[in-house]
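Okay, work.pdb is below, PDB, C-alpha atoms and all ligand atoms:
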ATOM      1  CA  MET A   1      21.040   8.340  -7.080  1.00  0.00           C
ATOM      2  CA  ILE A   2      22.494   5.588  -9.266  1.00  0.00           C
ATOM      3  CA  GLY A   3      26.248   5.250  -8.755  1.00  0.00           C
ATOM      4  CA  CYS A   4      26.451   7.862  -5.992  1.00  0.00           C
ATOM      5  CA  ASN A   5      28.531   7.393  -2.830  1.00  0.00           C
ATOM      6  CA  CYS A   6      27.422  10.531  -0.981  1.00  0.00           C
ATOM      7  CA  GLU A   7      26.407  10.404   2.694  1.00  0.00           C
ATOM      8  CA  VAL A   8      22.708  10.342   1.781  1.00  0.00           C
ATOM      9  CA  CYS A   9      22.981   7.606  -0.858  1.00  0.00           C
ATOM     10  CA  THR A  10      25.042   5.408   1.500  1.00  0.00           C
ATOM     11  CA  SER A  11      23.057   6.289   4.655  1.00  0.00           C
ATOM     12  CA  GLY A  12      21.793   3.537   6.952  1.00  0.00           C
ATOM     13  CA  ASP A  13      18.767   5.674   7.862  1.00  0.00           C
ATOM     14  CA  LYS A  14      15.742   4.332   5.967  1.00  0.00           C
ATOM     15  CA  LYS A  15      14.421   7.887   5.668  1.00  0.00           C
ATOM     16  CA  ASP A  16      17.375   8.708   3.398  1.00  0.00           C
ATOM     17  CA  ASN A  17      16.340   5.932   1.031  1.00  0.00           C
ATOM     18  CA  ARG A  18      13.730   7.407  -1.288  1.00  0.00           C
ATOM     19  CA  LEU A  19      11.836   6.214  -4.337  1.00  0.00           C
ATOM     20  CA  ARG A  20      10.182   8.571  -6.847  1.00  0.00           C
ATOM     21  CA  SER A  21       7.553  11.006  -5.548  1.00  0.00           C
ATOM     22  CA  SER A  22       3.997   9.711  -5.345  1.00  0.00           C
ATOM     23  CA  ILE A  23       1.195   9.542  -2.779  1.00  0.00           C
ATOM     24  CA  LEU A  24      -1.667   7.166  -2.146  1.00  0.00           C
ATOM     25  CA  VAL A  25      -4.944   8.724  -0.984  1.00  0.00           C
ATOM     26  CA  GLN A  26      -7.549   6.528   0.634  1.00  0.00           C
ATOM     27  CA  SER A  27     -11.098   7.080   1.917  1.00  0.00           C
ATOM     28  CA  ALA A  28     -13.523   4.504   3.295  1.00  0.00           C
ATOM     29  CA  THR A  29     -14.435   3.399  -0.241  1.00  0.00           C
ATOM     30  CA  THR A  30     -11.842   4.772  -2.644  1.00  0.00           C
ATOM     31  CA  THR A  31      -8.092   4.401  -3.196  1.00  0.00           C
ATOM     32  CA  LEU A  32      -6.112   6.462  -5.671  1.00  0.00           C
ATOM     33  CA  VAL A  33      -2.500   7.342  -6.332  1.00  0.00           C
ATOM     34  CA  VAL A  34      -1.096  10.628  -7.541  1.00  0.00           C
ATOM     35  CA  ASP A  35       1.486   9.884 -10.268  1.00  0.00           C
ATOM     36  CA  ALA A  36       2.910   6.552 -11.368  1.00  0.00           C
ATOM     37  CA  GLY A  37       6.639   7.029 -11.867  1.00  0.00           C
ATOM     38  CA  PRO A  38       9.254   4.364 -12.613  1.00  0.00           C
ATOM     39  CA  ASP A  39       8.941   3.042  -9.026  1.00  0.00           C
ATOM     40  CA  PHE A  40       5.138   2.608  -9.170  1.00  0.00           C
ATOM     41  CA  ARG A  41       5.283  -1.208  -9.363  1.00  0.00           C
ATOM     42  CA  TYR A  42       7.646  -1.520  -6.410  1.00  0.00           C
ATOM     43  CA  GLN A  43       5.734   1.073  -4.387  1.00  0.00           C
ATOM     44  CA  MET A  44       2.510  -0.931  -4.844  1.00  0.00           C
ATOM     45  CA  LEU A  45       4.306  -4.186  -3.962  1.00  0.00           C
ATOM     46  CA  ARG A  46       6.094  -2.718  -0.944  1.00  0.00           C
ATOM     47  CA  ASN A  47       2.906  -1.238   0.491  1.00  0.00           C
ATOM     48  CA  LYS A  48       0.802  -4.288  -0.439  1.00  0.00           C
ATOM     49  CA  VAL A  49      -1.781  -2.196  -2.289  1.00  0.00           C
ATOM     50  CA  LYS A  50      -4.368  -4.741  -3.374  1.00  0.00           C
ATOM     51  CA  TYR A  51      -6.984  -2.360  -4.733  1.00  0.00           C
ATOM     52  CA  LEU A  52      -6.614   0.800  -6.752  1.00  0.00           C
ATOM     53  CA  ASP A  53      -9.469   2.853  -8.240  1.00  0.00           C
ATOM     54  CA  ALA A  54      -7.550   5.544 -10.084  1.00  0.00           C
ATOM     55  CA  VAL A  55      -4.266   7.187 -11.024  1.00  0.00           C
ATOM     56  CA  ILE A  56      -4.176  10.991 -11.147  1.00  0.00           C
ATOM     57  CA  PHE A  57      -1.301  12.734 -12.898  1.00  0.00           C
ATOM     58  CA  THR A  58       0.421  15.995 -12.000  1.00  0.00           C
ATOM     59  CA  HIS A  59       2.456  16.498 -15.193  1.00  0.00           C
ATOM     60  CA  PRO A  60       4.035  14.596 -18.080  1.00  0.00           C
ATOM     61  CA  HIS A  61       7.606  14.130 -16.813  1.00  0.00           C
ATOM     62  CA  LYS A  62       8.962  10.589 -16.929  1.00  0.00           C
ATOM     63  CA  ASP A  63       9.669  10.411 -13.183  1.00  0.00           C
ATOM     64  CA  HIS A  64       5.904  10.851 -12.670  1.00  0.00           C
ATOM     65  CA  MET A  65       4.414   8.667 -15.419  1.00  0.00           C
ATOM     66  CA  ALA A  66       6.893   6.020 -16.596  1.00  0.00           C
ATOM     67  CA  GLY A  67       5.334   3.290 -14.426  1.00  0.00           C
ATOM     68  CA  LEU A  68       1.797   3.448 -15.810  1.00  0.00           C
ATOM     69  CA  ASP A  69       2.146   0.191 -17.740  1.00  0.00           C
ATOM     70  CA  ASP A  70       2.072  -1.730 -14.451  1.00  0.00           C
ATOM     71  CA  VAL A  71      -1.563  -0.840 -13.743  1.00  0.00           C
ATOM     72  CA  LYS A  72      -2.238  -3.933 -15.845  1.00  0.00           C
ATOM     73  CA  ALA A  73      -1.878  -5.927 -12.607  1.00  0.00           C
ATOM     74  CA  TYR A  74      -4.966  -4.099 -11.300  1.00  0.00           C
ATOM     75  CA  ASN A  75      -6.774  -4.663 -14.619  1.00  0.00           C
ATOM     76  CA  PHE A  76      -6.211  -8.362 -13.998  1.00  0.00           C
ATOM     77  CA  LEU A  77      -7.217  -8.220 -10.299  1.00  0.00           C
ATOM     78  CA  HIS A  78     -10.311  -6.028 -10.732  1.00  0.00           C
ATOM     79  CA  LYS A  79     -11.287  -7.184 -14.245  1.00  0.00           C
ATOM     80  CA  LYS A  80     -11.806  -3.623 -15.460  1.00  0.00           C
ATOM     81  CA  PRO A  81      -9.887  -0.701 -16.984  1.00  0.00           C
ATOM     82  CA  MET A  82      -7.949   1.644 -14.669  1.00  0.00           C
ATOM     83  CA  ASN A  83      -9.370   5.144 -14.331  1.00  0.00           C
ATOM     84  CA  ILE A  84      -6.745   7.704 -15.301  1.00  0.00           C
ATOM     85  CA  TYR A  85      -7.123  11.446 -14.688  1.00  0.00           C
ATOM     86  CA  ALA A  86      -4.830  13.855 -16.538  1.00  0.00           C
ATOM     87  CA  ASP A  87      -4.965  17.334 -18.034  1.00  0.00           C
ATOM     88  CA  SER A  88      -4.689  17.697 -21.822  1.00  0.00           C
ATOM     89  CA  LEU A  89      -0.909  18.265 -21.755  1.00  0.00           C
ATOM     90  CA  THR A  90      -0.283  15.070 -19.774  1.00  0.00           C
ATOM     91  CA  GLU A  91      -2.915  13.188 -21.792  1.00  0.00           C
ATOM     92  CA  GLU A  92      -0.996  13.984 -24.978  1.00  0.00           C
ATOM     93  CA  ALA A  93       2.202  12.528 -23.462  1.00  0.00           C
ATOM     94  CA  LEU A  94       0.395   9.448 -22.130  1.00  0.00           C
ATOM     95  CA  ARG A  95      -1.103   8.769 -25.581  1.00  0.00           C
ATOM     96  CA  ARG A  96       2.376   9.111 -27.120  1.00  0.00           C
ATOM     97  CA  ASP A  97       4.413   7.134 -24.553  1.00  0.00           C
ATOM     98  CA  PHE A  98       1.835   4.369 -24.051  1.00  0.00           C
ATOM     99  CA  TYR A  99       0.522   4.387 -27.652  1.00  0.00           C
ATOM    100  CA  TYR A 100      -0.033   0.626 -27.576  1.00  0.00           C
ATOM    101  CA  ALA A 101      -2.710   1.053 -24.881  1.00  0.00           C
ATOM    102  CA  PHE A 102      -4.661   3.448 -27.117  1.00  0.00           C
ATOM    103  CA  THR A 103      -4.736   1.514 -30.417  1.00  0.00           C
ATOM    104  CA  ASP A 104      -7.878  -0.167 -31.752  1.00  0.00           C
ATOM    105  CA  THR A 105      -6.243  -3.569 -31.964  1.00  0.00           C
ATOM    106  CA  LYS A 106      -5.948  -4.690 -28.365  1.00  0.00           C
ATOM    107  CA  TYR A 107      -3.815  -7.672 -27.444  1.00  0.00           C
ATOM    108  CA  PRO A 108      -3.439  -9.460 -24.112  1.00  0.00           C
ATOM    109  CA  GLY A 109      -0.985  -8.009 -21.580  1.00  0.00           C
ATOM    110  CA  ILE A 110      -1.386  -4.327 -22.381  1.00  0.00           C
ATOM    111  CA  PRO A 111      -2.780  -1.949 -19.771  1.00  0.00           C
ATOM    112  CA  GLU A 112      -6.461  -1.095 -20.102  1.00  0.00           C
ATOM    113  CA  LEU A 113      -6.976   2.570 -19.387  1.00  0.00           C
ATOM    114  CA  ASN A 114     -10.083   4.686 -18.987  1.00  0.00           C
ATOM    115  CA  LEU A 115      -8.749   8.170 -19.612  1.00  0.00           C
ATOM    116  CA  ASN A 116     -10.542  11.166 -18.095  1.00  0.00           C
ATOM    117  CA  THR A 117      -9.409  14.645 -19.119  1.00  0.00           C
ATOM    118  CA  ILE A 118      -9.372  17.087 -16.215  1.00  0.00           C
ATOM    119  CA  THR A 119      -9.092  20.875 -16.106  1.00  0.00           C
ATOM    120  CA  LEU A 120      -8.832  23.203 -13.132  1.00  0.00           C
ATOM    121  CA  GLU A 121     -12.456  22.356 -12.254  1.00  0.00           C
ATOM    122  CA  PRO A 122     -12.938  20.318  -9.056  1.00  0.00           C
ATOM    123  CA  PHE A 123     -13.749  16.662  -9.712  1.00  0.00           C
ATOM    124  CA  LEU A 124     -14.701  13.551  -7.805  1.00  0.00           C
ATOM    125  CA  VAL A 125     -13.011  10.134  -7.729  1.00  0.00           C
ATOM    126  CA  GLY A 126     -15.345   7.754  -5.920  1.00  0.00           C
ATOM    127  CA  ASP A 127     -16.175   9.634  -2.720  1.00  0.00           C
ATOM    128  CA  ILE A 128     -12.984  11.749  -2.757  1.00  0.00           C
ATOM    129  CA  PRO A 129     -13.501  15.403  -3.825  1.00  0.00           C
ATOM    130  CA  ILE A 130     -10.429  16.863  -5.511  1.00  0.00           C
ATOM    131  CA  THR A 131      -9.585  20.477  -6.339  1.00  0.00           C
ATOM    132  CA  PRO A 132      -6.740  20.945  -8.842  1.00  0.00           C
ATOM    133  CA  VAL A 133      -4.231  23.727  -8.105  1.00  0.00           C
ATOM    134  CA  LEU A 134      -2.201  25.104 -11.006  1.00  0.00           C
ATOM    135  CA  VAL A 135       1.514  25.575 -10.262  1.00  0.00           C
ATOM    136  CA  TRP A 136       4.510  26.301 -12.510  1.00  0.00           C
ATOM    137  CA  HIS A 137       7.470  23.992 -13.160  1.00  0.00           C
ATOM    138  CA  LEU A 138       9.576  26.591 -14.987  1.00  0.00           C
ATOM    139  CA  LYS A 139       7.262  27.031 -18.022  1.00  0.00           C
ATOM    140  CA  MET A 140       5.305  23.798 -17.641  1.00  0.00           C
ATOM    141  CA  PRO A 141       1.880  23.895 -15.985  1.00  0.00           C
ATOM    142  CA  VAL A 142       1.664  21.234 -13.254  1.00  0.00           C
ATOM    143  CA  LEU A 143      -1.382  20.214 -11.246  1.00  0.00           C
ATOM    144  CA  GLY A 144      -1.291  20.107  -7.468  1.00  0.00           C
ATOM    145  CA  PHE A 145      -4.318  18.613  -5.763  1.00  0.00           C
ATOM    146  CA  ARG A 146      -6.287  19.604  -2.685  1.00  0.00           C
ATOM    147  CA  PHE A 147      -8.109  16.792  -0.880  1.00  0.00           C
ATOM    148  CA  GLY A 148     -10.117  18.566   1.833  1.00  0.00           C
ATOM    149  CA  LYS A 149      -7.664  19.452   4.614  1.00  0.00           C
ATOM    150  CA  PHE A 150      -4.624  18.173   2.709  1.00  0.00           C
ATOM    151  CA  THR A 151      -2.909  19.669  -0.333  1.00  0.00           C
ATOM    152  CA  TYR A 152      -0.216  17.903  -2.389  1.00  0.00           C
ATOM    153  CA  ILE A 153       2.063  19.916  -4.649  1.00  0.00           C
ATOM    154  CA  THR A 154       5.110  18.580  -6.418  1.00  0.00           C
ATOM    155  CA  ASP A 155       7.416  19.864  -9.153  1.00  0.00           C
ATOM    156  CA  ALA A 156       6.741  23.570  -8.698  1.00  0.00           C
ATOM    157  CA  ASN A 157       8.950  26.634  -8.565  1.00  0.00           C
ATOM    158  CA  LYS A 158       6.199  29.277  -8.788  1.00  0.00           C
ATOM    159  CA  ILE A 159       2.583  29.558  -7.654  1.00  0.00           C
ATOM    160  CA  ASP A 160       0.305  32.372  -8.858  1.00  0.00           C
ATOM    161  CA  ASP A 161      -1.587  34.373  -6.217  1.00  0.00           C
ATOM    162  CA  THR A 162      -5.019  33.177  -7.402  1.00  0.00           C
ATOM    163  CA  GLU A 163      -3.931  29.546  -6.995  1.00  0.00           C
ATOM    164  CA  LYS A 164      -2.421  30.249  -3.557  1.00  0.00           C
ATOM    165  CA  ASP A 165      -5.971  31.021  -2.411  1.00  0.00           C
ATOM    166  CA  LYS A 166      -6.925  27.400  -3.158  1.00  0.00           C
ATOM    167  CA  ILE A 167      -4.156  26.172  -0.820  1.00  0.00           C
ATOM    168  CA  ARG A 168      -4.927  28.552   2.070  1.00  0.00           C
ATOM    169  CA  GLY A 169      -6.840  26.879   4.896  1.00  0.00           C
ATOM    170  CA  SER A 170      -5.219  23.479   4.346  1.00  0.00           C
ATOM    171  CA  GLU A 171      -4.209  21.807   7.609  1.00  0.00           C
ATOM    172  CA  VAL A 172      -1.344  19.982   5.943  1.00  0.00           C
ATOM    173  CA  LEU A 173       0.624  20.848   2.794  1.00  0.00           C
ATOM    174  CA  ALA A 174       3.027  18.509   1.051  1.00  0.00           C
ATOM    175  CA  LEU A 175       5.303  20.668  -1.104  1.00  0.00           C
ATOM    176  CA  ASN A 176       8.361  19.985  -3.219  1.00  0.00           C
ATOM    177  CA  ALA A 177      11.753  21.144  -1.879  1.00  0.00           C
ATOM    178  CA  LEU A 178      14.566  19.746  -4.006  1.00  0.00           C
ATOM    179  CA  ARG A 179      17.726  21.008  -2.312  1.00  0.00           C
ATOM    180  CA  LYS A 180      19.244  24.087  -0.688  1.00  0.00           C
ATOM    181  CA  THR A 181      20.840  25.547  -3.816  1.00  0.00           C
ATOM    182  CA  LYS A 182      18.843  27.272  -6.551  1.00  0.00           C
ATOM    183  CA  HIS A 183      17.214  25.103  -9.222  1.00  0.00           C
ATOM    184  CA  ILE A 184      15.628  26.150 -12.498  1.00  0.00           C
ATOM    185  CA  SER A 185      12.264  24.381 -12.007  1.00  0.00           C
ATOM    186  CA  HIS A 186      11.975  23.262  -8.369  1.00  0.00           C
ATOM    187  CA  PHE A 187      11.548  25.183  -5.111  1.00  0.00           C
ATOM    188  CA  THR A 188      14.616  25.180  -2.877  1.00  0.00           C
ATOM    189  CA  LEU A 189      14.132  24.333   0.807  1.00  0.00           C
ATOM    190  CA  ASP A 190      14.098  28.038   1.738  1.00  0.00           C
ATOM    191  CA  GLU A 191      11.611  28.864  -1.026  1.00  0.00           C
ATOM    192  CA  ALA A 192       9.323  26.035   0.127  1.00  0.00           C
ATOM    193  CA  ILE A 193       9.553  27.213   3.755  1.00  0.00           C
ATOM    194  CA  GLY A 194       8.655  30.720   2.507  1.00  0.00           C
ATOM    195  CA  ILE A 195       5.477  29.421   0.785  1.00  0.00           C
ATOM    196  CA  VAL A 196       4.378  27.542   3.932  1.00  0.00           C
ATOM    197  CA  GLU A 197       4.931  30.659   6.059  1.00  0.00           C
ATOM    198  CA  GLU A 198       3.225  32.962   3.559  1.00  0.00           C
ATOM    199  CA  LEU A 199       0.137  30.742   3.353  1.00  0.00           C
ATOM    200  CA  ARG A 200       0.163  30.118   7.146  1.00  0.00           C
ATOM    201  CA  ILE A 201      -0.162  26.356   6.775  1.00  0.00           C
ATOM    202  CA  PRO A 202       0.231  24.805  10.272  1.00  0.00           C
ATOM    203  CA  VAL A 203       1.868  21.546   9.154  1.00  0.00           C
ATOM    204  CA  ALA A 204       4.026  20.947   6.077  1.00  0.00           C
ATOM    205  CA  TYR A 205       5.956  18.000   4.670  1.00  0.00           C
ATOM    206  CA  PHE A 206       8.620  18.599   2.037  1.00  0.00           C
ATOM    207  CA  THR A 207       8.900  16.061  -0.756  1.00  0.00           C
ATOM    208  CA  HIS A 208      10.578  15.436  -4.162  1.00  0.00           C
ATOM    209  CA  ILE A 209      13.853  15.701  -2.269  1.00  0.00           C
ATOM    210  CA  SER A 210      17.228  15.340  -3.991  1.00  0.00           C
ATOM    211  CA  HIS A 211      20.157  13.559  -2.331  1.00  0.00           C
ATOM    212  CA  GLN A 212      21.794  16.983  -2.502  1.00  0.00           C
ATOM    213  CA  LEU A 213      19.490  18.286   0.277  1.00  0.00           C
ATOM    214  CA  GLY A 214      21.478  16.408   2.934  1.00  0.00           C
ATOM    215  CA  GLN A 215      20.725  13.712   5.486  1.00  0.00           C
ATOM    216  CA  HIS A 216      17.119  13.472   6.674  1.00  0.00           C
ATOM    217  CA  ALA A 217      17.813  13.687  10.420  1.00  0.00           C
ATOM    218  CA  LEU A 218      20.117  16.678  10.035  1.00  0.00           C
ATOM    219  CA  VAL A 219      17.828  18.711   7.749  1.00  0.00           C
ATOM    220  CA  GLU A 220      14.751  17.780   9.807  1.00  0.00           C
ATOM    221  CA  SER A 221      16.406  19.197  12.940  1.00  0.00           C
ATOM    222  CA  GLU A 222      16.975  22.550  11.211  1.00  0.00           C
ATOM    223  CA  LEU A 223      13.352  23.077  10.077  1.00  0.00           C
ATOM    224  CA  PRO A 224      10.921  25.596  11.633  1.00  0.00           C
ATOM    225  CA  ASP A 225       8.107  24.326  13.896  1.00  0.00           C
ATOM    226  CA  GLY A 226       5.406  22.375  12.059  1.00  0.00           C
ATOM    227  CA  MET A 227       7.639  21.698   9.061  1.00  0.00           C
ATOM    228  CA  HIS A 228       9.091  18.284   8.296  1.00  0.00           C
ATOM    229  CA  LEU A 229      10.789  16.301   5.591  1.00  0.00           C
ATOM    230  CA  ALA A 230       8.514  13.650   4.130  1.00  0.00           C
ATOM    231  CA  TYR A 231       9.851  10.111   3.815  1.00  0.00           C
ATOM    232  CA  ASP A 232       8.837   6.911   2.075  1.00  0.00           C
ATOM    233  CA  GLY A 233       6.067   5.170   3.997  1.00  0.00           C
ATOM    234  CA  LEU A 234       4.898   8.317   5.840  1.00  0.00           C
ATOM    235  CA  GLU A 235       1.173   8.065   6.664  1.00  0.00           C
ATOM    236  CA  LEU A 236      -1.138  10.942   7.599  1.00  0.00           C
ATOM    237  CA  GLU A 237      -4.698  10.540   8.860  1.00  0.00           C
ATOM    238  CA  PHE A 238      -7.475  13.116   8.513  1.00  0.00           C
ATOM    239  CA  LYS A 239     -10.735  12.945  10.459  1.00  0.00           C
TER     240      LYS A 239
HETATM  241 ZN    ZN B 301       8.853  17.345 -13.297  1.00  0.00          ZN
HETATM  242 ZN    ZN B 302       9.560  15.270 -10.729  1.00  0.00          ZN
END

Show me this structure written as C-alpha cells.
Ligand SMILES: [Zn+2]
Ligand SMILES: [Zn+2]
Amino acid sequence: MIGCNCEVCTSGDKKDNRLRSSILVQSATTTLVVDAGPDFRYQMLRNKVKYLDAVIFTHPHKDHMAGLDDVKAYNFLHKKPMNIYADSLTEEALRRDFYYAFTDTKYPGIPELNLNTITLEPFLVGDIPITPVLVWHLKMPVLGFRFGKFTYITDANKIDDTEKDKIRGSEVLALNALRKTKHISHFTLDEAIGIVEELRIPVAYFTHISHQLGQHALVESELPDGMHLAYDGLELEFK
C-alpha cells in the first residue's frame, strides 16, 4: 500500500510484497493472462513473458484492467492484434477507458485489440478450454474461470449454488480472501475457507490479499490443511 508503514508493507519476506491480482495460464501451445491491472507491464517484464496469445477479463474494475494499453508491446513483437475476451459489462468499460484503441482513425503506438465478447458459455483460447463461473462482487457480476482441474476466482463475496456446481471437482481453487474483517464486496479469510470446505476442494490458494490480512508466514501457519496463501511468482503444474 502506498505510504504504509505496517508490518506487511515493510516486511523483508518477498511473499508479503504483492502486485495486483492476475494469473498467467500456459499450455503447450497457448499463453494467456487473466486480467491486466496497473502492474501488467511490470508483471510481464518480471516474469520475462515473451509471448502472449490473449487477455481474459474478470470484471471492469481499474485494478484489473488499467494496464491493457501495454499489450502494444506484444502487438509489436507478434505483428498482430491482441485477443481480448470480456463480457458485455467489461467490454463497455474497455471501449470507454481505451476509446483511442477503438476509433476508426488508427495512429502508431496505440494498442491493437481483437475484442471477443464472452458470456457464461464455455469457450476456447488456442487449445485451452475455459468455463466461465459467475460470481458476485457486491452487485457487480464478475467472471471466474475454470481451466480443467484449476479454477480461478477473484473479487467475489457471493457465489450462487448453480455456479458452485461448476467449481466442484476442481483439484485446485484460487479464491479471493481480502482480510479477516468483513468487507462489502470481498470474501474475508473465514468466508473463503468456508467456500473451500463447502465445495470440498482439496487444495486452495487465497489471493487478492490486502496488507490488512497480516504477514504471509503467520497467516499461512494458521490455515487448515490444503489451504495456502498465494504469492507473487507462485507456479502450479497440472498433468
Ligand atoms: Zn473489483
Ligand atoms: Zn480487485

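Using all atoms listed in the file, the nearest neighbour of Leu175 of chain A within the list A:Lys79, A:His211, A:Arg146, A:Lys139 is A:Arg146.
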
*Run the PyMOL selection byres (((chain A and resi 73) around 10) and not hetatm) on the file and write out the hits as a ChimeraX atom specification.*
/A:41,50,69-72,74-79,82,109-111

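Relative to atom CA of Ile23 of chain A, atom CA of Leu115 of chain A is found at 19.6 Å.
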
*Would you mind telling me which residue in A:Tyr107, A:His228, A:Glu197, A:Ile128 lies nearest to Ala177 of chain A when using all atoms listed in the file?*
A:His228

*Could you pull out the residues sitting within 12 Å of ligand ZN 301 (chain B), using only C-alpha atoms and all ligand atoms, and write them as a PyMOL selection string?*
chain A and resi 20-21+35+37+57-66+90+135-143+153-157+176+178+184-187+208

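Remark: for Val55 of chain A, the closest of the candidate residues A:Leu89, A:Leu113, A:Leu213, A:Val8 is A:Leu113 (distances computed over only C-alpha atoms).
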
*Can you list, as a ChimeraX atom specification, the residues that the PyMOL selection byres (((chain A and resi 52) around 6) and not hetatm) selects here?*
/A:31-32,51,53-54

*Calculate how many Å separate atom CA of Met227 of chain A from atom CA of Arg179 of chain A, rounding to one decimal.*
15.2 Å

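Minimum atom-to-atom distance to Glu235 of chain A, evaluated using only C-alpha atoms, belongs to A:Asn47 out of A:Met1, A:Ala101, A:Asn47, A:Gln215.
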
The centre and edge lengths of an axis-aligned box containing all atoms of segment 107-126 of chain A present in the file, extended by 6 Å on each side, are to be given in Å to one decimal, as lines of an AutoDock Vina configuration file.
center_x = -8.2
center_y = 6.9
center_z = -16.7
size_x = 26.4
size_y = 44.7
size_z = 33.5

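Take atom CA of Gly148 of chain A and atom CA of Pro129 of chain A: the distance between them is 7.3 Å.
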
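Look at Asp225 of chain A: the protein and nucleic acid residues within 12 Å of it, using only C-alpha atoms and passing over chain neighbours fewer than 3 places away, are Ile193, Val196, Glu197, Arg200, Ile201, Pro202, Val203, Ala204, Tyr205, Glu220, Ser221, Glu222, His228 and Leu229 of chain A.
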
Please, which residues are within 6 Å of (0.1, 29.3, -0.5) by the file's coordinates, counting all atoms listed in the file, and could they come as a PDB file with C-alpha atoms, in the frame of the given file?
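For reference, out.pdb as written:
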ATOM      1  CA  LYS A 164      -2.421  30.249  -3.557  1.00  0.00           C
ATOM      2  CA  ILE A 167      -4.156  26.172  -0.820  1.00  0.00           C
ATOM      3  CA  ARG A 168      -4.927  28.552   2.070  1.00  0.00           C
ATOM      4  CA  ILE A 195       5.477  29.421   0.785  1.00  0.00           C
ATOM      5  CA  LEU A 199       0.137  30.742   3.353  1.00  0.00           C
TER       6      LEU A 199
END

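Comparing A:Thr10, A:Thr188, A:Asn5, A:Ser22 by their smallest distance to ligand ZN 302 (chain B), the closest is A:Ser22 (using all atoms listed in the file).
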
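The residue that comes closest to ligand ZN 302 (chain B), out of A:Leu124, A:Met44, A:Ala36, A:Leu189 and on the basis of only C-alpha atoms and all ligand atoms, is A:Ala36.
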